[in-house]
>>> print(open('upload_25.csv').read())   # CSV, C-alpha atoms
chain,number,residue,atom,x,y,z
A,887,MET,CA,-2.9,9.0,-10.7
A,888,ASN,CA,-0.4,10.0,-8.0
A,889,ASN,CA,2.9,10.9,-9.5
A,890,LYS,CA,4.4,12.5,-6.4
A,891,ILE,CA,6.3,9.5,-5.2
A,892,LYS,CA,9.6,9.0,-7.1
A,893,ILE,CA,10.9,5.6,-8.0
A,894,SER,CA,14.5,4.7,-8.7
A,895,VAL,CA,15.0,1.7,-11.0
A,896,LEU,CA,18.4,0.3,-10.4
A,897,VAL,CA,19.8,-1.8,-13.3
A,898,SER,CA,22.8,-4.1,-13.4
A,899,ASN,CA,24.3,-4.9,-16.7
A,900,TYR,CA,27.1,-7.2,-17.9
A,901,ASN,CA,27.0,-8.2,-21.6
A,902,LYS,CA,23.2,-8.2,-22.0
A,903,VAL,CA,23.3,-6.6,-25.5
A,904,ASN,CA,20.7,-9.1,-26.8
A,905,PHE,CA,18.1,-7.9,-24.2
A,906,LEU,CA,19.2,-4.4,-23.3
A,907,LYS,CA,17.4,-2.3,-25.9
A,908,GLU,CA,14.0,-3.8,-25.3
A,909,SER,CA,14.6,-3.7,-21.5
A,910,LEU,CA,15.2,0.1,-21.6
A,911,LEU,CA,12.4,0.7,-24.2
A,912,MET,CA,9.9,-1.0,-21.8
A,913,LEU,CA,11.0,1.4,-19.1
A,914,LYS,CA,10.3,4.4,-21.3
A,915,LYS,CA,6.7,3.0,-21.9
A,916,GLN,CA,5.8,2.9,-18.2
A,917,SER,CA,2.4,4.4,-17.4
A,918,TYR,CA,3.8,5.8,-14.2
A,919,LYS,CA,6.2,8.6,-15.1
A,920,ASN,CA,8.0,9.9,-12.0
A,921,PHE,CA,11.0,7.6,-12.0
A,922,GLU,CA,14.7,7.6,-12.7
A,923,VAL,CA,16.8,4.9,-14.3
A,924,ILE,CA,20.3,4.3,-12.9
A,925,LEU,CA,22.4,1.7,-14.8
A,926,PHE,CA,25.7,0.2,-13.7
A,927,ASP,CA,27.7,-1.4,-16.6
A,928,ASP,CA,30.2,-3.9,-15.3
A,929,VAL,CA,32.9,-3.9,-18.0
A,930,SER,CA,30.7,-5.1,-20.8
A,931,ASP,CA,32.5,-5.8,-24.1
A,932,ASP,CA,29.5,-6.7,-26.3
A,933,GLY,CA,28.4,-3.3,-27.5
A,934,SER,CA,26.1,-2.6,-24.5
A,935,LEU,CA,27.5,0.9,-23.9
A,936,GLU,CA,26.5,2.0,-27.5
A,937,ILE,CA,22.9,1.0,-26.8
A,938,ILE,CA,22.8,2.6,-23.3
A,939,LYS,CA,24.1,5.9,-24.5
A,940,LYS,CA,21.2,6.3,-26.9
A,941,PHE,CA,18.8,6.5,-23.9
A,942,ARG,CA,19.2,10.0,-22.5
A,943,ASN,CA,17.1,9.4,-19.5
A,944,VAL,CA,19.5,6.7,-18.2
A,945,LYS,CA,22.1,7.7,-15.6
A,946,LEU,CA,25.1,5.5,-16.5
A,947,LEU,CA,27.8,4.3,-14.2
A,948,ILE,CA,30.7,2.6,-15.9
A,949,ASN,CA,32.9,0.2,-14.1
A,950,LYS,CA,36.3,0.0,-15.6
A,951,LYS,CA,37.5,-3.0,-13.7
A,952,LYS,CA,35.6,-5.9,-12.1
A,953,LYS,CA,35.8,-5.8,-8.3
A,954,PHE,CA,35.2,-9.5,-7.6
A,955,ARG,CA,35.8,-12.9,-9.3
A,956,PHE,CA,32.2,-13.9,-8.5
A,957,PRO,CA,29.2,-12.7,-10.5
A,958,ALA,CA,26.9,-12.6,-7.5
A,959,LEU,CA,29.2,-10.2,-5.6
A,960,ASN,CA,29.7,-8.0,-8.7
A,961,GLN,CA,25.9,-7.8,-9.1
A,962,ILE,CA,25.5,-6.7,-5.4
A,963,ASN,CA,28.3,-4.1,-5.9
A,964,ALA,CA,26.6,-2.8,-9.0
A,965,LEU,CA,23.2,-2.2,-7.3
A,966,ASN,CA,24.9,-0.8,-4.3
A,967,GLU,CA,26.7,1.8,-6.5
A,968,CYS,CA,23.4,2.7,-8.2
A,969,PHE,CA,21.7,3.1,-4.9
A,970,LYS,CA,24.3,5.6,-3.7
A,971,ILE,CA,23.3,8.2,-6.3
A,972,SER,CA,19.5,7.3,-6.4
A,973,LYS,CA,16.8,9.7,-5.2
A,974,GLY,CA,13.7,7.6,-5.2
A,975,GLU,CA,11.5,6.8,-2.2
A,976,ILE,CA,10.8,3.4,-3.8
A,977,ILE,CA,13.6,1.2,-5.2
A,978,CYS,CA,12.9,-1.3,-8.0
A,979,LEU,CA,15.6,-3.7,-9.1
A,980,LEU,CA,16.1,-4.8,-12.7
A,981,ASP,CA,18.5,-7.2,-14.4
A,982,ALA,CA,19.3,-5.9,-17.9
A,983,ASP,CA,18.0,-9.0,-19.5
A,984,ASP,CA,14.5,-8.7,-18.0
A,985,PHE,CA,11.6,-6.4,-18.9
A,986,PHE,CA,9.0,-4.5,-16.9
A,987,LYS,CA,5.5,-4.6,-18.2
A,988,LYS,CA,4.2,-1.0,-18.8
A,989,ASN,CA,2.0,-0.9,-15.7
A,990,LYS,CA,4.5,-2.4,-13.3
A,991,LEU,CA,5.7,0.9,-11.6
A,992,GLN,CA,2.1,2.1,-11.2
A,993,LYS,CA,1.1,-1.3,-9.6
A,994,VAL,CA,4.0,-1.0,-7.2
A,995,ILE,CA,3.0,2.5,-6.2
A,996,ASN,CA,-0.6,1.3,-5.7
A,997,PHE,CA,0.6,-1.5,-3.4
A,998,PHE,CA,2.7,0.8,-1.1
A,999,GLU,CA,-0.1,3.4,-0.9
A,1000,LYS,CA,-2.6,0.7,0.1
A,1001,HIS,CA,-0.2,-1.1,2.5
A,1002,GLN,CA,1.7,1.8,4.1
A,1003,LYS,CA,3.4,-0.4,6.8
A,1004,ALA,CA,4.9,-2.7,4.2
A,1005,GLN,CA,8.6,-2.4,3.6
A,1006,SER,CA,8.9,-4.4,0.4
A,1007,VAL,CA,7.0,-6.3,-2.2
A,1008,TYR,CA,7.6,-8.9,-4.9
A,1009,ASN,CA,5.6,-9.3,-8.1
A,1010,PHE,CA,5.2,-12.5,-10.1
A,1011,PRO,CA,7.5,-13.1,-13.1
A,1012,LYS,CA,6.3,-14.3,-16.5
A,1013,ALA,CA,9.0,-16.7,-17.8
A,1014,LYS,CA,9.1,-17.5,-21.5
A,1015,LYS,CA,10.2,-21.0,-21.0
A,1016,ASN,CA,9.8,-22.4,-17.5
A,1017,LYS,CA,6.8,-21.4,-15.3
A,1018,PHE,CA,7.8,-19.8,-12.0
A,1019,ARG,CA,7.2,-22.3,-9.2
A,1020,PHE,CA,5.7,-20.6,-6.1
A,1021,LYS,CA,5.6,-22.1,-2.7
A,1022,ASN,CA,4.7,-20.5,0.6
A,1023,LYS,CA,3.9,-23.4,2.9
A,1024,ARG,CA,4.7,-23.4,6.6
A,1025,LYS,CA,6.9,-26.5,6.3
A,1026,ASN,CA,9.3,-24.7,4.1
A,1027,ILE,CA,12.2,-23.0,5.9
A,1028,TRP,CA,12.0,-20.0,3.5
A,1029,PRO,CA,9.5,-19.1,0.9
A,1030,SER,CA,10.0,-18.9,-2.9
A,1031,ILE,CA,12.8,-16.7,-4.0
A,1032,PHE,CA,11.6,-14.2,-6.6
A,1033,PRO,CA,14.0,-13.1,-9.3
A,1034,THR,CA,15.9,-9.9,-8.7
A,1035,SER,CA,13.8,-8.0,-11.2
A,1036,CYS,CA,10.7,-8.7,-9.1
A,1037,ILE,CA,11.9,-6.9,-6.0
A,1038,SER,CA,10.6,-3.5,-4.9
A,1039,SER,CA,11.5,-1.8,-1.6
A,1040,LYS,CA,11.0,1.4,0.3
A,1041,ARG,CA,14.2,3.4,0.3
A,1042,LYS,CA,15.0,3.2,4.0
A,1043,ASN,CA,14.4,-0.5,4.1
A,1044,PHE,CA,16.8,-1.1,1.2
A,1045,GLU,CA,19.4,1.1,2.9
A,1046,VAL,CA,19.2,-1.2,6.0
A,1047,PHE,CA,19.4,-4.3,3.8
A,1048,LEU,CA,22.6,-3.0,2.1
A,1049,LYS,CA,24.0,-2.4,5.6
A,1050,PHE,CA,23.6,-6.1,6.3
A,1051,VAL,CA,24.1,-7.6,2.8
A,1052,LYS,CA,27.6,-8.8,3.5
A,1053,LYS,CA,28.8,-7.7,0.1
A,1054,ARG,CA,32.2,-9.4,0.3
A,1055,GLN,CA,31.0,-12.7,1.6
A,1056,PHE,CA,28.9,-15.7,0.4
A,1057,PRO,CA,30.2,-15.6,-3.2
A,1058,ASN,CA,27.6,-18.0,-4.6
A,1059,LEU,CA,24.6,-16.2,-3.0
A,1060,GLU,CA,22.8,-13.7,-5.3
A,1061,ILE,CA,21.0,-10.6,-4.1
A,1062,ASP,CA,17.5,-12.0,-4.6
A,1063,ALA,CA,18.1,-14.8,-2.1
A,1064,ARG,CA,19.7,-12.4,0.4
A,1065,PHE,CA,16.8,-9.9,0.1
A,1066,THR,CA,14.2,-12.7,0.6
A,1067,ILE,CA,16.0,-13.9,3.7
A,1068,PHE,CA,16.4,-10.4,5.0
A,1069,SER,CA,12.7,-9.5,4.5
A,1070,LYS,CA,11.4,-12.8,5.9
A,1071,PHE,CA,13.7,-13.0,9.0
A,1072,TYR,CA,14.6,-9.4,9.7
A,1073,ASN,CA,11.3,-7.6,8.8
A,1074,ASN,CA,9.1,-10.7,9.3
A,1075,GLU,CA,7.2,-9.9,6.1
A,1076,TYR,CA,6.7,-11.6,2.7
A,1077,ASN,CA,4.4,-9.5,0.5
A,1078,PHE,CA,3.7,-10.0,-3.2
A,1079,ILE,CA,1.6,-8.7,-6.0
A,1080,LEU,CA,-0.1,-11.6,-7.8
A,1081,ASP,CA,0.2,-10.0,-11.2
A,1082,GLU,CA,2.9,-11.0,-13.6
A,1083,LEU,CA,4.6,-7.6,-14.0
A,1084,THR,CA,8.1,-8.7,-14.9
A,1085,ILE,CA,9.2,-10.6,-18.1
A,1086,TYR,CA,11.9,-12.9,-16.8
A,1087,ASN,CA,14.3,-14.0,-19.5
A,1088,GLU,CA,16.5,-17.1,-18.8
A,1089,ASP,CA,19.8,-16.0,-20.3
A,1090,ARG,CA,22.1,-18.9,-20.9
A,1091,ASP,CA,25.1,-16.8,-19.7
A,1092,GLY,CA,23.3,-15.5,-16.6
A,1093,ILE,CA,24.5,-15.9,-13.0
A,1094,THR,CA,22.3,-19.0,-12.1
A,1095,SER,CA,21.8,-20.5,-15.6
A,1096,LYS,CA,24.7,-22.9,-15.3
A,1097,ILE,CA,24.1,-24.1,-11.7
A,1098,SER,CA,22.3,-27.4,-12.0
A,1099,LYS,CA,20.4,-28.9,-9.1
A,1100,TYR,CA,22.5,-31.0,-6.7
A,1101,SER,CA,25.8,-29.8,-8.4
A,1102,THR,CA,28.7,-28.8,-6.2
A,1103,LYS,CA,28.0,-25.1,-6.6
A,1104,TRP,CA,24.3,-25.7,-5.9
A,1105,TRP,CA,25.2,-27.2,-2.5
A,1106,PHE,CA,27.7,-24.5,-1.7
A,1107,ARG,CA,25.1,-21.8,-2.5
A,1108,ARG,CA,22.5,-23.5,-0.4
A,1109,ARG,CA,24.9,-23.7,2.6
A,1110,GLN,CA,25.7,-20.0,2.1
A,1111,ALA,CA,22.0,-19.2,2.2
A,1112,PHE,CA,21.7,-21.0,5.6
A,1113,GLN,CA,24.8,-19.1,6.8
A,1114,TYR,CA,23.3,-15.8,5.7
A,1115,MET,CA,20.0,-16.7,7.4
A,1116,GLU,CA,21.8,-17.5,10.6
A,1117,TYR,CA,23.5,-14.1,10.4
A,1118,ILE,CA,20.2,-12.3,10.0
A,1119,LEU,CA,18.6,-14.3,12.7
A,1120,ASN,CA,21.4,-13.4,15.1
A,1121,LEU,CA,20.7,-9.7,14.4
A,1122,LYS,CA,17.2,-10.3,15.8
A,1123,LYS,CA,18.6,-12.4,18.7
A,1124,ARG,CA,17.1,-15.6,17.3
A,1125,LYS,CA,18.6,-19.0,16.4
A,1126,LEU,CA,18.1,-21.2,13.4
A,1127,SER,CA,15.7,-24.0,14.2
A,1128,PHE,CA,17.0,-27.6,13.6
A,1129,SER,CA,15.9,-29.1,10.2
A,1130,PHE,CA,16.9,-32.1,8.1
A,1131,ASP,CA,17.4,-29.7,5.2
A,1132,HIS,CA,20.0,-27.7,7.1
A,1133,SER,CA,21.8,-30.8,8.4
A,1134,ILE,CA,22.1,-32.5,5.0
A,1135,THR,CA,23.2,-29.3,3.3
A,1136,HIS,CA,25.9,-28.7,5.9
A,1137,LEU,CA,27.1,-32.4,5.7
A,1138,THR,CA,27.0,-32.6,1.9
A,1139,SER,CA,28.8,-29.3,1.2
A,1140,SER,CA,31.4,-30.1,3.8
A,1141,LEU,CA,32.2,-33.4,2.1
A,1142,LEU,CA,32.3,-31.8,-1.3
A,1143,LYS,CA,34.6,-29.1,0.0
A,1144,PHE,CA,36.9,-31.7,1.6
A,1145,ASN,CA,37.0,-33.8,-1.6
A,1146,ASN,CA,37.8,-30.7,-3.8
>>> encode(input="upload_25.csv", output="structure tokens")
Amino acid sequence: MNNKIKISVLVSNYNKVNFLKESLLMLKKQSYKNFEVILFDDVSDDGSLEIIKKFRNVKLLINKKKKFRFPALNQINALNECFKISKGEIICLLDADDFFKKNKLQKVINFFEKHQKAQSVYNFPKAKKNKFRFKNKRKNIWPSIFPTSCISSKRKNFEVFLKFVKKRQFPNLEIDARFTIFSKFYNNEYNFILDELTIYNEDRDGITSKISKYSTKWWFRRRQAFQYMEYILNLKKRKLSFSFDHSITHLTSSLLKFNN
């Protein structure tokens, strides 16, 4: 087993006390041992800090005042701050309400050793309630967006991504969507491990849990995804191809914004 490659697990937490202990315990049980855990707590008031401080291997960053009004932007800020002090050659993202299976980090290392040109990889999630819906057909403008806790990246690639993440813009667009768009349209790659290596918990207070399909916020987020995609394509001197999806999204979100 090759333990020479160091992994940094970057964890964002805000009031996840119901999941946090098990999430950190599952990290301690990893079969691959050369990793660090960096956790950013974003002004939790639910007892999270008491749990975190019991885990001596966790490097804790405490935010005393939220930087943004929008959860998606605060999540990006949290992971960006974690990355600044990380040392790993491989970056794995983890929401504090999700769990890594004990062989996840080893599987990620195995993938990058086998596919040395790959910059990033997703693994499939195992959801307790709703089954993850995967689609990767050519007719889709973008492929399925894997949850944040399913994202692993080489360090240099994640550094480039953060350079282009637009951390103060697109307030409804989470980091998982941005990373998928960046990987697909900047790196022109979409790699995944078929194994379900992440337990994805659908927290009722999570960032996306209260965004119902076709709601106003859903349309705004979809438009921002297209806007971010256009930005990434422009970096590669490409243009967004015409599509009915893009047109209807632009029209609907414009009407909703006008009426609100």
>>> closest_residue(input="upload_25.csv", among="A:Ala1063, A:Ala1013, A:Leu1126, A:Ile1097", to="A:Gln1110", atoms="only C-alpha atoms")
A:Ala1063
>>> closest_residue(input="upload_25.csv", among="A:Gln1005, A:Ser909, A:Asn1058, A:Asn996", to="A:Asn1073", atoms="all atoms listed in the file")
A:Gln1005
>>> residues_near_point(input="upload_25.csv", point="(26.5, -4.3, 5.2)", cutoff="12 Å", atoms="all atoms listed in the file", output="ChimeraX atom specification")
/A:962-963,966,1044-1055,1064,1068,1114,1117-1118
>>> write_last_selection(input="upload_25.csv", atoms="C-alpha atoms", output="PDB file, in the frame of the given file")
ATOM      1  CA  ILE A 962      25.500  -6.700  -5.400  1.00  0.00           C
ATOM      2  CA  ASN A 963      28.300  -4.100  -5.900  1.00  0.00           C
ATOM      3  CA  ASN A 966      24.900  -0.800  -4.300  1.00  0.00           C
ATOM      4  CA  PHE A1044      16.800  -1.100   1.200  1.00  0.00           C
ATOM      5  CA  GLU A1045      19.400   1.100   2.900  1.00  0.00           C
ATOM      6  CA  VAL A1046      19.200  -1.200   6.000  1.00  0.00           C
ATOM      7  CA  PHE A1047      19.400  -4.300   3.800  1.00  0.00           C
ATOM      8  CA  LEU A1048      22.600  -3.000   2.100  1.00  0.00           C
ATOM      9  CA  LYS A1049      24.000  -2.400   5.600  1.00  0.00           C
ATOM     10  CA  PHE A1050      23.600  -6.100   6.300  1.00  0.00           C
ATOM     11  CA  VAL A1051      24.100  -7.600   2.800  1.00  0.00           C
ATOM     12  CA  LYS A1052      27.600  -8.800   3.500  1.00  0.00           C
ATOM     13  CA  LYS A1053      28.800  -7.700   0.100  1.00  0.00           C
ATOM     14  CA  ARG A1054      32.200  -9.400   0.300  1.00  0.00           C
ATOM     15  CA  GLN A1055      31.000 -12.700   1.600  1.00  0.00           C
ATOM     16  CA  ARG A1064      19.700 -12.400   0.400  1.00  0.00           C
ATOM     17  CA  PHE A1068      16.400 -10.400   5.000  1.00  0.00           C
ATOM     18  CA  TYR A1114      23.300 -15.800   5.700  1.00  0.00           C
ATOM     19  CA  TYR A1117      23.500 -14.100  10.400  1.00  0.00           C
ATOM     20  CA  ILE A1118      20.200 -12.300  10.000  1.00  0.00           C
TER      21      ILE A1118
END
>>> closest_residue(input="upload_25.csv", among="A:Phe1056, A:Phe956, A:Phe926, A:Tyr1072", to="A:Leu1121", atoms="only C-alpha atoms")
A:Tyr1072
>>> atom_distance(input="upload_25.csv", atom1="atom CA of A:Ile891", atom2="atom CA of A:Gly974")
7.6 Å
>>> atom_distance(input="upload_25.csv", atom1="atom CA of A:Cys1036", atom2="atom CA of A:Ser1127")
28.3 Å
>>> closest_residue(input="upload_25.csv", among="A:Ile1031, A:Ala1111, A:Val923, A:Val1007", to="A:Asp1081", atoms="only C-alpha atoms")
A:Val1007
>>> residues_around(input="upload_25.csv", residues="A:Leu896", least_positions_apart="3", cutoff="10 Å", atoms="only C-alpha atoms", output="number ranges by chain")
A: 893, 922-926, 945, 964-969, 972, 977-982, 1035
>>> residues_around(input="upload_25.csv", residues="A:Asn1087", least_positions_apart="6", cutoff="8 Å", atoms="only C-alpha atoms", output="list in words")
Asp983, Asp984, Ala1013 and Lys1014 of chain A
>>> write_last_selection(input="upload_25.csv", atoms="C-alpha atoms", output="short mmCIF file (atom, residue, chain, number, x, y, z; two decimals), in the frame of the given file")
data_model
loop_
_atom_site.label_atom_id
_atom_site.label_comp_id
_atom_site.auth_asym_id
_atom_site.auth_seq_id
_atom_site.Cartn_x
_atom_site.Cartn_y
_atom_site.Cartn_z
CA ASP A 983 18.00 -9.00 -19.50
CA ASP A 984 14.50 -8.70 -18.00
CA ALA A 1013 9.00 -16.70 -17.80
CA LYS A 1014 9.10 -17.50 -21.50
#
>>> atom_distance(input="upload_25.csv", atom1="atom CA of A:Ser1098", atom2="atom CA of A:Phe905")
23.4 Å
>>> closest_residue(input="upload_25.csv", among="A:Asn949, A:Asn989, A:Ser934, A:Asn1077", to="A:Leu913", atoms="only C-alpha atoms")
A:Asn989
>>> closest_residue(input="upload_25.csv", among="A:Pro1057, A:Glu1075, A:Gln1113, A:Trp1104", to="A:Arg955", atoms="all atoms listed in the file")
A:Pro1057
